[in-house]
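Below you'll find the structure, written out as structure tokens, and then a few comments.
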Amino acid sequence: MTLHSLTIAQAHDLLKRRQISSVELTRAVLDRIAAVEPQIKAFLTVTAEQALAAARKADATIAQGRIAPLTGIPIALKDVLCTQGVRTTCGSRILENFIPPFDAFVVQRLNAQQAVSVGKLNMDEFAMGSTTEHSAFQTTCNPWDTTCIPGGSSGGSAAAVAADMCLATLGSDTGGSIRQPASHCGVVGLKPTYGRVSRFGLVAFASSLDQIGPLGKCVADCAWLLQVIAGHDPADATCAPCEVPDYSAALTAGVQGLRIGIPRSYFEVDGLHPDVAKAVLAAIATLESLGARTVDIELPYTKYGVAAYYVIAPSEASSNLARYDGVKYGRRDAETAELLEMYRATRSQGFGPEVQRRILLGTYALSAGYYDAYYRKASQVRTLIMRDFAQAFEKCDLIAAPVTPAPATLIGAHTDDPLAMYLSDIYTLPANLAGIPGISVPCGLSADGLPIGLQLMAGHFEEARLLAAAQAFEQATPFHQAKPRINP
Amino acid sequence: MKITPEEVAHVAHLARLQIAPEAVGKICEQVATILAYVDTLGQVDTHDVPPTTHAIALTNAFRDDIPHAHLSREDALANAPSSEDGFFVVPKVI
């Protein structure tokens, strides 16, 4: 096996037994990036020198007999996470030259274990999009078929893991931005419970929905990463001060006796691709064969999830993105103009079309006379969606569903039709609105050879149960071992 | 739902954006399409339903009031498009 193909657990074992060094491993990953990046375009910044320096330090630590789960492991970060001294663009021209003076909380946690960051990954601008086509810099290609989108907004993250350009990554998920690209690229992606992971240093999109989570080659790697990044941080007032269980220990719990809720109406949605329906239903049958039993559940209000989300998220974004004013950091245009003119020029030239569209939509929804009809109404529907899940979880322990209605689409398919792109988020948005955790696990390939994901969702702070079920499924099926063929 | 070019201009002003004249028509159309879809929320009876702004119930998330180091002025200004004598420079306001 080549070094860049290793999982975190495999690499950790070899590092611990001193059969490989972190420098060798990091070099292998950097070589892999150099070989396949021209086709995949996953990275916005590659930090080769810093990575090798960090790897040498990790090797010194390991030589002293000290090794944490991520010590010396080459990872990469979605470019929405602030990294001290390393450019953080958020996929936007407005932050093209922004060098954060601090690390995000999750980056501090990775650094404390001496994980080795090899770079920053492409994304839709400000995480607004499901394809990476809304990145100001480049469109990432799906490693399984480079004419297709990798999903988004964490498309660079999912593609990099699938193409072995890092062992694992962190992404962010506001409406499906971890789970959807994980599904499209055939990797595992976990959105934790809202409040499970501190967002300090995560560039804000929609603050009542944003959450950071791992993408990895297997469920166990996501459990390891979550273990490191979860927990209370006084610097994020929305971060829950509740205990972090031992996720790796919970992985062996299996699904025996678990009740899996099936929202039957989710399989009657117009536009659900037959290959996706078939793979997900087969995955549910596998869970049953492993000892789970299924119960039918109703989530009647979740069909309004897309409509509620596309009021709430743009409204919060219009407020969050008001900070980009050409004064404190980021780009400035019309240097010599008066203040208002400078604001307008900076923001219109710094933000791309999708971001401007969402700012306009959100500003409209919050403007005088429309607040009750849009934001308040959507927030009330959000309550009903949360009640749907609360009632469902009285009857079941987990919910199984598709991640996306269809496998990855061709690059360019929806670029002129924003609503069509929004509707592809139908299965992922409800978990963000309800704040519950969700995971995407590979469950097969379409007839065209594109990956399909199974989504599992659980109640608030039930990540351990989610990971255990995902692990049981993964170990019983061959899907996670399938690799895209990339010819460098 | 119809959105007029005047409404787009008003909202763009509120958001401090400048829409190119040739783009206004397309934006009106796209925003109207999205709002027409969002209007399906009107089908839901939300009488007596409280709004949710946060999925997890947390109250009074205060941290201990302990002095600690903050960003230096130099670091805080390092990304500014323009600064002088330890201050951000902005265009003439009045």
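Identifiers in the structure tokens: chain A, B, ... in order shown; residue index from 1 per chain; ligand index from 1 in order shown.
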
Looking only at alpha helix (DSSP H) from DSSP on the backbone, list the matching residues of range 21-88 of chain B as number ranges by chain.
-> B: 21-38, 73-77

For N, CA and C atoms, I'd like the residues from the last selection saved as a PDB file, in the first residue's frame.
```pdb
ATOM      1  N   PRO B  21     -26.304  48.073 -13.991  1.00  0.00           N
ATOM      2  CA  PRO B  21     -27.627  48.237 -14.622  1.00  0.00           C
ATOM      3  C   PRO B  21     -28.033  47.030 -15.470  1.00  0.00           C
ATOM      4  N   GLU B  22     -27.052  46.449 -16.181  1.00  0.00           N
ATOM      5  CA  GLU B  22     -27.405  45.341 -17.069  1.00  0.00           C
ATOM      6  C   GLU B  22     -27.721  44.051 -16.286  1.00  0.00           C
ATOM      7  N   ALA B  23     -27.383  44.018 -14.983  1.00  0.00           N
ATOM      8  CA  ALA B  23     -27.627  42.807 -14.192  1.00  0.00           C
ATOM      9  C   ALA B  23     -28.962  42.862 -13.443  1.00  0.00           C
ATOM     10  N   VAL B  24     -29.580  44.052 -13.385  1.00  0.00           N
ATOM     11  CA  VAL B  24     -30.773  44.227 -12.555  1.00  0.00           C
ATOM     12  C   VAL B  24     -31.914  43.300 -12.990  1.00  0.00           C
ATOM     13  N   GLY B  25     -32.162  43.215 -14.283  1.00  0.00           N
ATOM     14  CA  GLY B  25     -33.265  42.400 -14.784  1.00  0.00           C
ATOM     15  C   GLY B  25     -33.144  40.940 -14.354  1.00  0.00           C
ATOM     16  N   LYS B  26     -31.929  40.392 -14.508  1.00  0.00           N
ATOM     17  CA  LYS B  26     -31.708  38.988 -14.171  1.00  0.00           C
ATOM     18  C   LYS B  26     -31.857  38.772 -12.660  1.00  0.00           C
ATOM     19  N   ILE B  27     -31.371  39.724 -11.862  1.00  0.00           N
ATOM     20  CA  ILE B  27     -31.489  39.589 -10.407  1.00  0.00           C
ATOM     21  C   ILE B  27     -32.954  39.638  -9.982  1.00  0.00           C
ATOM     22  N   CYS B  28     -33.736  40.537 -10.568  1.00  0.00           N
ATOM     23  CA  CYS B  28     -35.179  40.610 -10.277  1.00  0.00           C
ATOM     24  C   CYS B  28     -35.818  39.237 -10.512  1.00  0.00           C
ATOM     25  N   GLU B  29     -35.473  38.659 -11.650  1.00  0.00           N
ATOM     26  CA  GLU B  29     -36.053  37.372 -12.040  1.00  0.00           C
ATOM     27  C   GLU B  29     -35.654  36.261 -11.064  1.00  0.00           C
ATOM     28  N   GLN B  30     -34.342  36.187 -10.741  1.00  0.00           N
ATOM     29  CA  GLN B  30     -33.857  35.117  -9.859  1.00  0.00           C
ATOM     30  C   GLN B  30     -34.420  35.260  -8.448  1.00  0.00           C
ATOM     31  N   VAL B  31     -34.423  36.489  -7.931  1.00  0.00           N
ATOM     32  CA  VAL B  31     -34.936  36.703  -6.575  1.00  0.00           C
ATOM     33  C   VAL B  31     -36.432  36.379  -6.537  1.00  0.00           C
ATOM     34  N   ALA B  32     -37.162  36.772  -7.580  1.00  0.00           N
ATOM     35  CA  ALA B  32     -38.605  36.493  -7.626  1.00  0.00           C
ATOM     36  C   ALA B  32     -38.865  34.988  -7.651  1.00  0.00           C
ATOM     37  N   THR B  33     -38.041  34.235  -8.400  1.00  0.00           N
ATOM     38  CA  THR B  33     -38.208  32.777  -8.460  1.00  0.00           C
ATOM     39  C   THR B  33     -37.980  32.152  -7.080  1.00  0.00           C
ATOM     40  N   ILE B  34     -36.936  32.615  -6.405  1.00  0.00           N
ATOM     41  CA  ILE B  34     -36.624  32.053  -5.086  1.00  0.00           C
ATOM     42  C   ILE B  34     -37.734  32.432  -4.091  1.00  0.00           C
ATOM     43  N   LEU B  35     -38.180  33.697  -4.128  1.00  0.00           N
ATOM     44  CA  LEU B  35     -39.223  34.123  -3.190  1.00  0.00           C
ATOM     45  C   LEU B  35     -40.541  33.398  -3.457  1.00  0.00           C
ATOM     46  N   ALA B  36     -40.826  33.118  -4.724  1.00  0.00           N
ATOM     47  CA  ALA B  36     -42.065  32.387  -5.045  1.00  0.00           C
ATOM     48  C   ALA B  36     -42.012  31.003  -4.396  1.00  0.00           C
ATOM     49  N   TYR B  37     -40.827  30.396  -4.431  1.00  0.00           N
ATOM     50  CA  TYR B  37     -40.678  29.088  -3.780  1.00  0.00           C
ATOM     51  C   TYR B  37     -40.809  29.225  -2.261  1.00  0.00           C
ATOM     52  N   VAL B  38     -40.146  30.255  -1.708  1.00  0.00           N
ATOM     53  CA  VAL B  38     -40.188  30.489  -0.263  1.00  0.00           C
ATOM     54  C   VAL B  38     -41.622  30.739   0.212  1.00  0.00           C
ATOM     55  N   ARG B  73      -1.876  45.736  18.768  1.00  0.00           N
ATOM     56  CA  ARG B  73      -2.369  46.713  17.796  1.00  0.00           C
ATOM     57  C   ARG B  73      -1.750  46.439  16.417  1.00  0.00           C
ATOM     58  N   GLU B  74      -0.506  46.080  16.423  1.00  0.00           N
ATOM     59  CA  GLU B  74       0.199  45.797  15.168  1.00  0.00           C
ATOM     60  C   GLU B  74      -0.452  44.635  14.408  1.00  0.00           C
ATOM     61  N   ASP B  75      -0.763  43.553  15.155  1.00  0.00           N
ATOM     62  CA  ASP B  75      -1.415  42.400  14.522  1.00  0.00           C
ATOM     63  C   ASP B  75      -2.812  42.766  14.028  1.00  0.00           C
ATOM     64  N   ALA B  76      -3.510  43.562  14.835  1.00  0.00           N
ATOM     65  CA  ALA B  76      -4.884  43.917  14.468  1.00  0.00           C
ATOM     66  C   ALA B  76      -4.916  44.770  13.209  1.00  0.00           C
ATOM     67  N   LEU B  77      -3.870  45.538  12.982  1.00  0.00           N
ATOM     68  CA  LEU B  77      -3.821  46.426  11.820  1.00  0.00           C
ATOM     69  C   LEU B  77      -3.145  45.776  10.607  1.00  0.00           C
TER      70      LEU B  77
END
```

Pick out the chain B residues within 8 Å of chain A. Count only C-alpha atoms. Give them as a PyMOL selection string.
-> chain B and resi 8+11-12+14-19+27+30-31+33-34+37-41+44+46+49-56+58+61-63+71+75-77+79-82+88-93

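Separating CA of Val107 in chain A from CA of Leu81 in chain A is a distance of 7.7 Å.
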
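Here the strand (DSSP E or B) residues in chain B, by DSSP on the backbone, are Ser83, Glu84, Phe87 and Phe88 of chain B.
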
Closest to His10 in chain B among A:Val29, A:Ile73, A:Ile212, A:Ala368, using only C-alpha atoms?
->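 Nearest candidate to His10 in chain B out of A:Val29, A:Ile73, A:Ile212, A:Ala368: A:Ala368.
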
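Every protein or nucleic acid residue with an atom no more than 9 Å from Thr428 in chain A, counting only C-alpha atoms and leaving out same-chain residues fewer than 6 positions away, appears here: A:Gly175, A:Gly176, A:Ser177, A:Arg179, A:Gln180, A:Pro402, A:Val403, A:Thr404, A:Gly438, A:Gln455.
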
Output the selection as a CSV table (one decimal), in the first residue's frame - N, CA and C atoms for each residue.
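File produced: part02.csv:
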```
chain,number,residue,atom,x,y,z
A,175,GLY,N,-25.7,23.7,5.6
A,175,GLY,CA,-27.0,23.1,5.0
A,175,GLY,C,-26.7,21.8,4.4
A,176,GLY,N,-25.6,21.2,4.7
A,176,GLY,CA,-25.2,19.9,4.0
A,176,GLY,C,-23.8,19.9,3.5
A,177,SER,N,-23.1,21.0,3.8
A,177,SER,CA,-21.8,21.2,3.1
A,177,SER,C,-20.6,20.2,3.5
A,179,ARG,N,-21.8,16.7,4.4
A,179,ARG,CA,-22.4,15.4,4.1
A,179,ARG,C,-22.5,15.3,2.5
A,180,GLN,N,-23.0,16.3,1.9
A,180,GLN,CA,-23.2,16.2,0.4
A,180,GLN,C,-22.0,16.0,-0.4
A,402,PRO,N,-31.5,9.2,2.2
A,402,PRO,CA,-30.5,9.6,1.2
A,402,PRO,C,-29.8,10.9,1.7
A,403,VAL,N,-28.6,11.2,1.2
A,403,VAL,CA,-27.9,12.4,1.4
A,403,VAL,C,-28.4,13.5,0.4
A,404,THR,N,-28.4,13.0,-0.9
A,404,THR,CA,-28.7,13.9,-2.0
A,404,THR,C,-29.7,13.1,-2.9
A,438,GLY,N,-25.5,14.5,11.7
A,438,GLY,CA,-25.8,13.6,10.6
A,438,GLY,C,-24.5,13.2,10.0
A,455,GLN,N,-27.3,8.5,4.5
A,455,GLN,CA,-27.3,9.5,5.6
A,455,GLN,C,-27.9,8.9,6.8
```

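Taking only C-alpha atoms into account, Cys82 in chain A lies nearest to A:Ala104 out of the set A:Leu299, A:Leu466, A:Ala230, A:Ala104.
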
Between CA of Pro274 in chain A and CA of His134 in chain A, distance in Å (one decimal) = 28.1 Å
